[in-house]
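*Asks:* Next up is a structure, given as structure tokens.
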Amino acid sequence: MDRMAIGRFEKAKRDFVVTAKANINRAKRGFSPIEPAMSAAVDTVLAGQKHWPYLAAKGGEHLVFSFDDPRLQGIVYKVNYFESLPLLTAWYEGEDAMERKLDLMREEMDQRTAKLNQMRDYFGFNAVPPQRFVIKKLPVTDSLIMALKAERLVQGMDLPKELPVWTCVQRKIKKPEGQTYSLNGYYPESKVKFGRSWSREDIETYDAAHDVLFGGPLSELDQASQEKWVLLEYPELLPLWQAKIGDPVFKKELQQVVKKLIAYTQETGELMELAGAENLVLLKEKAGWQVKLFDALPMKGVSMESLRGITAKLKSGRSLTLQQRYVAMNGLNTLRFINALALIAEVPERMVEPDVMAVPAETWRQEIAKIFVDKA
């Protein structure tokens with residue numbers, strides 16, 4: 001790298017520090033921007049260089065790219081392949097189609113940035129990792145096409161050398177050290193994966209836990225009896241249950257997080273993604289217990305409003321489309337798990353949604369499980 005490039009990089013780092021300090025001060029006044037200088041520093045290093053990010057991992061909706069350059073080993077590109085795949089189609093349709101898609105993508109990025117800032121308003125500035133949504137051009141390689149699951153789409157066609165993609169630029173999140181508790185629960189309906197059928201015990205647990213968590217007759221049982229059904233449905237809650245019994249300070253912090261989660265959901269109508277491992281955690285640091293929202297951004301198309309539309313359709317006796325089943329699975333799981341956390345934390349408040357309880361647990365169970373049965 002020549003001296004001019006080094007100079008640009010050092011200036012970008014200084015600008016980054018200045019911007020970060022300014023952001024913290026602005027956040028104290030109620031404004032919580034996401035750091036823009038981080039991606040600018042990356043661009044400075046990459047300018048005129050041959051270093052491209054390489055595909056390092058793949059998650060539920062993201063491709064994670066890392067860098068060989070030692071100065072960028074703390075930075076990752078998270079490419080949203082659900083948002084990026086339409087750009088490959090638009091490339092074939094022509095320049096006008098591509099510009100329309102890019103304009104829509106920029107609008108969506110602005111909306112998601114606003115949602116991140118909103119989460120910081122409820123959970124604290126440091127609860128959400130610094131990140132920035134940008135459009136980046138990545139080289140179109142065989143590994144990228146396979147990761148995008150676009151082999152059939154591009155079969156026999158010429159490919160662009162580069163493709164603009166939806167990218168979240170952020171620092172690598174190191175696995176938390178010390179005591180960490182995940183506040184996440186996976187979909188109970190997934191028990192029928194790999195062709196497995198519901199057992200009698202599965203059905204009894206699902207229906208009873210649903211009743212407990214959505215204000216049915218079993219919610220009148222004593223605390224221990226309600227906890228039994230919830231722990232059977234969400235065994236991943238057992239460490240939280242054990243910790244709240246043995247650590248009064250932890251229990252108090254857990255209660256505060258649950259109250260914030262309920263307030264956020266009730267007041268915004270947004271539904272966080274609480275199924276992924278360590279999307280939302282309580283981490284013990286030197287300053288005490290801290291909540292971290294590593295990857296709990298509200299799900300696109302899944303909200304209280306969309307869930308109410310789903311319940312209206314089910315109450316009328318109609319079946320759901322595949323897309324509606326995914327909305328139902330994610331939305332119901334978030335509401336159910338928030339109430340499960342509230343029960344374990346012994347917080348009296350609940351996410352009360354009468355229409356959800358008006359649909360029998362059996363209907364939810366059978367309709368959502370079709371997602372996994374169809375995949376078997």
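Letters A, B, ... mark the chains of the structure tokens in the order given; residue numbers begin at 1 per chain; ligand numbers begin at 1, in order shown.
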Considering only C-alpha atoms, give me a table of residues in segment 228-332 of chain A that are at most 9 Å from segment 356-370 of chain A, with the closest atom pair and distance in Å for each, as a Markdown table.
*Replies:*
```
| residue | atom | partner | partner_atom | distance |
| --- | --- | --- | --- | --- |
| A:Leu307 | CA | A:Val356 | CA | 8.5 |
| A:Arg308 | CA | A:Val356 | CA | 7.8 |
| A:Thr311 | CA | A:Val356 | CA | 6.2 |
| A:Ala312 | CA | A:Val359 | CA | 8.9 |
| A:Leu314 | CA | A:Val359 | CA | 6.9 |
| A:Lys315 | CA | A:Val359 | CA | 6.0 |
| A:Ser319 | CA | A:Glu367 | CA | 7.5 |
| A:Leu320 | CA | A:Glu367 | CA | 7.3 |
| A:Leu322 | CA | A:Lys370 | CA | 8.5 |
| A:Arg325 | CA | A:Ile368 | CA | 5.5 |
| A:Tyr326 | CA | A:Ile368 | CA | 7.4 |
| A:Ala328 | CA | A:Ile368 | CA | 7.0 |
| A:Met329 | CA | A:Ile368 | CA | 5.9 |
| A:Leu332 | CA | A:Val356 | CA | 8.1 |
```
*Asks:* Take the residues from that selection and put them in a file with N, CA and C atoms, as a compact mmCIF listing (two decimals), in the first residue's frame.
*Replies:*
```
# COMPACT_ATOMS: atom_id res chain seq x y z
N LEU A 307 -49.77 -10.51 12.31
CA LEU A 307 -50.22 -11.68 13.07
C LEU A 307 -51.73 -11.62 13.30
N ARG A 308 -52.26 -10.43 13.50
CA ARG A 308 -53.71 -10.30 13.66
C ARG A 308 -54.44 -10.69 12.37
N THR A 311 -54.56 -14.48 12.43
CA THR A 311 -55.57 -15.03 13.35
C THR A 311 -56.97 -14.86 12.78
N ALA A 312 -57.22 -13.75 12.10
CA ALA A 312 -58.55 -13.53 11.50
C ALA A 312 -58.83 -14.61 10.46
N LEU A 314 -57.49 -17.67 10.32
CA LEU A 314 -57.66 -18.97 10.98
C LEU A 314 -59.00 -19.06 11.69
N LYS A 315 -59.45 -17.96 12.28
CA LYS A 315 -60.75 -17.96 12.96
C LYS A 315 -61.89 -18.20 11.98
N SER A 319 -57.36 -22.08 5.53
CA SER A 319 -55.98 -22.50 5.67
C SER A 319 -55.05 -21.37 5.24
N LEU A 320 -53.80 -21.45 5.68
CA LEU A 320 -52.82 -20.41 5.39
C LEU A 320 -51.96 -20.79 4.19
N LEU A 322 -48.12 -20.74 2.40
CA LEU A 322 -46.82 -21.04 2.98
C LEU A 322 -46.21 -19.80 3.61
N ARG A 325 -47.82 -19.06 6.84
CA ARG A 325 -47.40 -19.99 7.90
C ARG A 325 -46.09 -19.54 8.53
N TYR A 326 -45.18 -19.02 7.71
CA TYR A 326 -43.92 -18.51 8.26
C TYR A 326 -44.18 -17.29 9.16
N ALA A 328 -46.94 -16.75 10.80
CA ALA A 328 -47.57 -17.29 11.99
C ALA A 328 -46.54 -17.93 12.92
N MET A 329 -45.64 -18.72 12.35
CA MET A 329 -44.63 -19.40 13.16
C MET A 329 -43.75 -18.41 13.92
N LEU A 332 -46.08 -15.94 16.35
CA LEU A 332 -46.60 -16.65 17.52
C LEU A 332 -45.47 -17.03 18.46
```
*Asks:* Give me, as a CSV table (one decimal) with N, CA and C atoms, in the first residue's frame, all polymer residues having an atom no more than 10 Å from Thr265 of chain A, counting only C-alpha atoms and skipping those fewer than 3 positions away in the same chain.
*Replies:*
```
chain,number,residue,atom,x,y,z
A,259,LYS,N,-39.6,-6.7,31.2
A,259,LYS,CA,-40.5,-5.6,31.1
A,259,LYS,C,-40.2,-4.6,29.9
A,260,LYS,N,-38.9,-4.5,29.6
A,260,LYS,CA,-38.6,-3.6,28.4
A,260,LYS,C,-39.0,-4.3,27.2
A,261,LEU,N,-38.9,-5.7,27.1
A,261,LEU,CA,-39.3,-6.4,26.0
A,261,LEU,C,-40.8,-6.3,25.7
A,262,ILE,N,-41.5,-6.4,26.8
A,262,ILE,CA,-43.0,-6.3,26.7
A,262,ILE,C,-43.4,-4.9,26.3
A,268,THR,N,-44.6,-0.6,20.1
A,268,THR,CA,-44.1,-0.4,18.7
A,268,THR,C,-44.9,-1.4,17.7
A,269,GLY,N,-45.4,-2.5,18.2
A,269,GLY,CA,-46.0,-3.4,17.4
A,269,GLY,C,-45.1,-4.3,16.6
A,270,GLU,N,-43.8,-4.1,16.9
A,270,GLU,CA,-42.7,-4.9,16.2
A,270,GLU,C,-42.5,-6.2,17.0
A,271,LEU,N,-42.1,-7.3,16.3
A,271,LEU,CA,-41.8,-8.6,16.8
A,271,LEU,C,-40.4,-9.0,16.6
A,272,MET,N,-39.6,-9.0,17.6
A,272,MET,CA,-38.2,-9.4,17.4
A,272,MET,C,-38.0,-10.8,17.0
A,298,PRO,N,-36.2,-6.8,14.4
A,298,PRO,CA,-37.6,-7.2,14.0
A,298,PRO,C,-37.6,-7.8,12.7
A,303,SER,N,-45.2,-8.7,12.2
A,303,SER,CA,-45.6,-7.7,13.2
A,303,SER,C,-46.9,-8.1,13.9
A,304,MET,N,-47.2,-7.3,14.9
A,304,MET,CA,-48.5,-7.6,15.5
A,304,MET,C,-49.7,-7.4,14.5
A,334,THR,N,-42.6,-15.5,19.0
A,334,THR,CA,-42.1,-14.4,19.7
A,334,THR,C,-43.0,-14.0,20.9
A,335,LEU,N,-44.3,-13.9,20.6
A,335,LEU,CA,-45.3,-13.6,21.6
A,335,LEU,C,-45.3,-14.7,22.7
A,338,ILE,N,-42.0,-14.4,24.8
A,338,ILE,CA,-42.0,-13.3,25.7
A,338,ILE,C,-42.8,-13.6,27.0
A,351,MET,N,-48.0,-10.3,27.3
A,351,MET,CA,-48.4,-9.9,26.0
A,351,MET,C,-49.8,-10.5,25.8
```
*Asks:* Name the residues in contact with segment 228-231 of chain A at a cut-off of 8 Å, using only C-alpha atoms, excluding same-chain residues fewer than 5 positions from it; report them as a list in words.
*Replies:* Thr205, Ala208, Ala209, Val212, Glu236, Leu237, Leu238 and Ala340 of chain A
*Asks:* With N, CA and C atoms kept, could you save the residues just selected as a compact mmCIF listing (two decimals), in the first residue's frame?
*Replies:*
```
# COMPACT_ATOMS: atom_id res chain seq x y z
N THR A 205 -48.01 -31.35 25.73
CA THR A 205 -47.14 -30.25 26.17
C THR A 205 -47.42 -28.97 25.39
N ALA A 208 -50.89 -27.52 26.36
CA ALA A 208 -50.92 -27.01 27.73
C ALA A 208 -50.09 -25.74 27.87
N ALA A 209 -48.90 -25.72 27.27
CA ALA A 209 -48.05 -24.52 27.35
C ALA A 209 -48.73 -23.34 26.66
N VAL A 212 -51.30 -22.03 29.05
CA VAL A 212 -50.67 -21.30 30.16
C VAL A 212 -50.22 -19.91 29.71
N GLU A 236 -34.83 -24.94 26.77
CA GLU A 236 -33.70 -23.99 26.77
C GLU A 236 -33.84 -22.93 27.86
N LEU A 237 -35.02 -22.84 28.49
CA LEU A 237 -35.24 -21.89 29.58
C LEU A 237 -34.76 -22.42 30.93
N LEU A 238 -34.39 -23.68 30.99
CA LEU A 238 -33.99 -24.26 32.27
C LEU A 238 -32.83 -23.53 32.93
N ALA A 340 -43.37 -16.60 28.11
CA ALA A 340 -42.62 -17.63 28.83
C ALA A 340 -41.53 -17.00 29.68
```
*Asks:* Taking only C-alpha atoms into account, which of A:Lys101, A:His210, A:Arg106, A:Lys137 comes nearest Leu87 of chain A?
*Replies:*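 Checking each of A:Lys101, A:His210, A:Arg106, A:Lys137 against Leu87 of chain A, counting only C-alpha atoms, the winner is A:Lys101.
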*Asks:* So the first atom is atom CA of Thr167 of chain A and the second is atom CA of Glu267 of chain A; what is the distance between them in Å, to one decimal place?
*Replies:*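 Result for atom CA of Thr167 of chain A versus atom CA of Glu267 of chain A: 28.9 Å, one decimal.
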*Asks:* Considering only C-alpha atoms, return as a compact mmCIF listing (two decimals) with N, CA and C atoms, in the first residue's frame whatever protein or nucleic-acid residues lie within 7 Å of Leu163 of chain A, sequence-local ones (same chain, fewer than 4 positions apart) excluded.
*Replies:*
```
# COMPACT_ATOMS: atom_id res chain seq x y z
N LYS A 137 -20.58 -3.91 -3.71
CA LYS A 137 -20.41 -4.80 -4.85
C LYS A 137 -19.45 -5.93 -4.47
N LEU A 138 -19.91 -7.16 -4.70
CA LEU A 138 -19.08 -8.32 -4.42
C LEU A 138 -18.87 -9.10 -5.72
N PRO A 139 -17.71 -9.76 -5.84
CA PRO A 139 -17.46 -10.56 -7.04
C PRO A 139 -18.42 -11.74 -7.09
N VAL A 140 -18.94 -12.03 -8.27
CA VAL A 140 -19.86 -13.16 -8.44
C VAL A 140 -19.03 -14.42 -8.66
```
*Asks:* Pull the alpha helix (DSSP H) assignments for segment 113-304 of chain A out of DSSP run on the backbone, and list those residues as a count of residues only.
*Replies:* 77
*Asks:* Hey, which of A:Cys168, A:Leu254, A:Met119, A:Leu159 ends up closest to Phe133 of chain A? Count only C-alpha atoms.
*Replies:* A:Cys168
*Asks:* Identify, on the basis of only C-alpha atoms, every residue whose closest approach to His62 of chain A does not exceed 9 Å; exclude the query and any residue fewer than 2 positions from it along the same chain; express the result as a list in words.
*Replies:*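 Non-adjacent residues within range: Ala57, Lys58, Gly59, Gly60, Val64, Lys78, Val79, Asn80, Tyr81 and Phe82 of chain A.
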*Asks:* Could you turn the residues from that selection into a file that holds C-alpha atoms, as a short mmCIF file (atom, residue, chain, number, x, y, z; two decimals), in the first residue's frame?
*Replies:*
```
data_model
loop_
_atom_site.label_atom_id
_atom_site.label_comp_id
_atom_site.auth_asym_id
_atom_site.auth_seq_id
_atom_site.Cartn_x
_atom_site.Cartn_y
_atom_site.Cartn_z
CA ALA A 57 -20.13 -18.64 7.13
CA LYS A 58 -23.81 -18.85 6.36
CA GLY A 59 -26.73 -18.25 8.70
CA GLY A 60 -30.52 -18.27 8.48
CA VAL A 64 -20.95 -13.75 6.40
CA LYS A 78 -23.19 -9.75 6.47
CA VAL A 79 -24.97 -10.12 3.12
CA ASN A 80 -28.72 -10.62 3.34
CA TYR A 81 -29.39 -13.12 0.58
CA PHE A 82 -33.18 -12.79 0.72
#
```
*Asks:* Would you mind telling me which residue in A:Val352, A:Ile344, A:Ala263, A:Ala275 lies nearest to Trp241 of chain A when using only C-alpha atoms?
*Replies:*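 Ranked by minimum distance to Trp241 of chain A, first place goes to A:Ile344.
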*Asks:* Which is closer to Leu343 of chain A than all the others in A:Gly215, A:Pro130, A:Gly288, A:Gly317, using only C-alpha atoms?
*Replies:*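 With only C-alpha atoms as the atom set, the closest residue is A:Gly215.
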*Asks:* Of the candidates A:Glu353, A:Glu233, A:Gln226, A:Arg71, which one gets nearest to Glu201 of chain A if we count only C-alpha atoms?
*Replies:*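 Among the listed residues, the smallest separation from Glu201 of chain A belongs to A:Glu233.
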*Asks:* Once DSSP has gone over the backbone, tell me which residues of segment 54-121 of chain A are in strand (DSSP E), as a list in words.
*Replies:* Tyr54, Leu55, Ala56, Ala57, Lys58, His62, Leu63, Val64, Phe65, Ser66, Ile75, Val76, Tyr77, Lys78, Val79 and Asn80 of chain A
*Asks:* Please, could you write that set of residues out with N, CA and C atoms as a compact mmCIF listing (two decimals), in the first residue's frame?
*Replies:*
```txt
# COMPACT_ATOMS: atom_id res chain seq x y z
N TYR A 54 -13.96 -12.88 1.74
CA TYR A 54 -14.23 -14.27 1.38
C TYR A 54 -15.39 -14.80 2.21
N LEU A 55 -16.14 -15.74 1.64
CA LEU A 55 -17.30 -16.32 2.32
C LEU A 55 -16.82 -17.17 3.49
N ALA A 56 -17.21 -16.77 4.71
CA ALA A 56 -16.73 -17.45 5.91
C ALA A 56 -17.80 -18.31 6.58
N ALA A 57 -19.07 -17.90 6.45
CA ALA A 57 -20.13 -18.64 7.13
C ALA A 57 -21.46 -18.29 6.51
N LYS A 58 -22.47 -19.10 6.85
CA LYS A 58 -23.81 -18.85 6.36
C LYS A 58 -24.80 -19.08 7.49
N HIS A 62 -28.27 -14.73 6.30
CA HIS A 62 -27.08 -13.95 5.95
C HIS A 62 -25.93 -14.84 5.48
N LEU A 63 -25.17 -14.30 4.53
CA LEU A 63 -23.86 -14.82 4.20
C LEU A 63 -22.86 -13.93 4.91
N VAL A 64 -21.92 -14.53 5.64
CA VAL A 64 -20.95 -13.75 6.40
C VAL A 64 -19.60 -13.80 5.70
N PHE A 65 -19.09 -12.62 5.34
CA PHE A 65 -17.81 -12.51 4.64
C PHE A 65 -16.77 -11.89 5.58
N SER A 66 -15.57 -12.43 5.55
CA SER A 66 -14.45 -11.90 6.33
C SER A 66 -13.34 -11.44 5.38
N ILE A 75 -13.66 -6.89 11.14
CA ILE A 75 -14.85 -6.41 10.43
C ILE A 75 -15.45 -7.56 9.61
N VAL A 76 -16.77 -7.62 9.53
CA VAL A 76 -17.42 -8.60 8.66
C VAL A 76 -18.47 -7.90 7.80
N TYR A 77 -18.70 -8.48 6.64
CA TYR A 77 -19.83 -8.12 5.80
C TYR A 77 -20.89 -9.21 5.99
N LYS A 78 -22.08 -8.81 6.38
CA LYS A 78 -23.19 -9.75 6.47
C LYS A 78 -24.14 -9.45 5.31
N VAL A 79 -24.15 -10.33 4.32
CA VAL A 79 -24.97 -10.12 3.12
C VAL A 79 -26.30 -10.82 3.30
N ASN A 80 -27.38 -10.06 3.24
CA ASN A 80 -28.72 -10.62 3.34
C ASN A 80 -29.10 -11.20 1.99
```
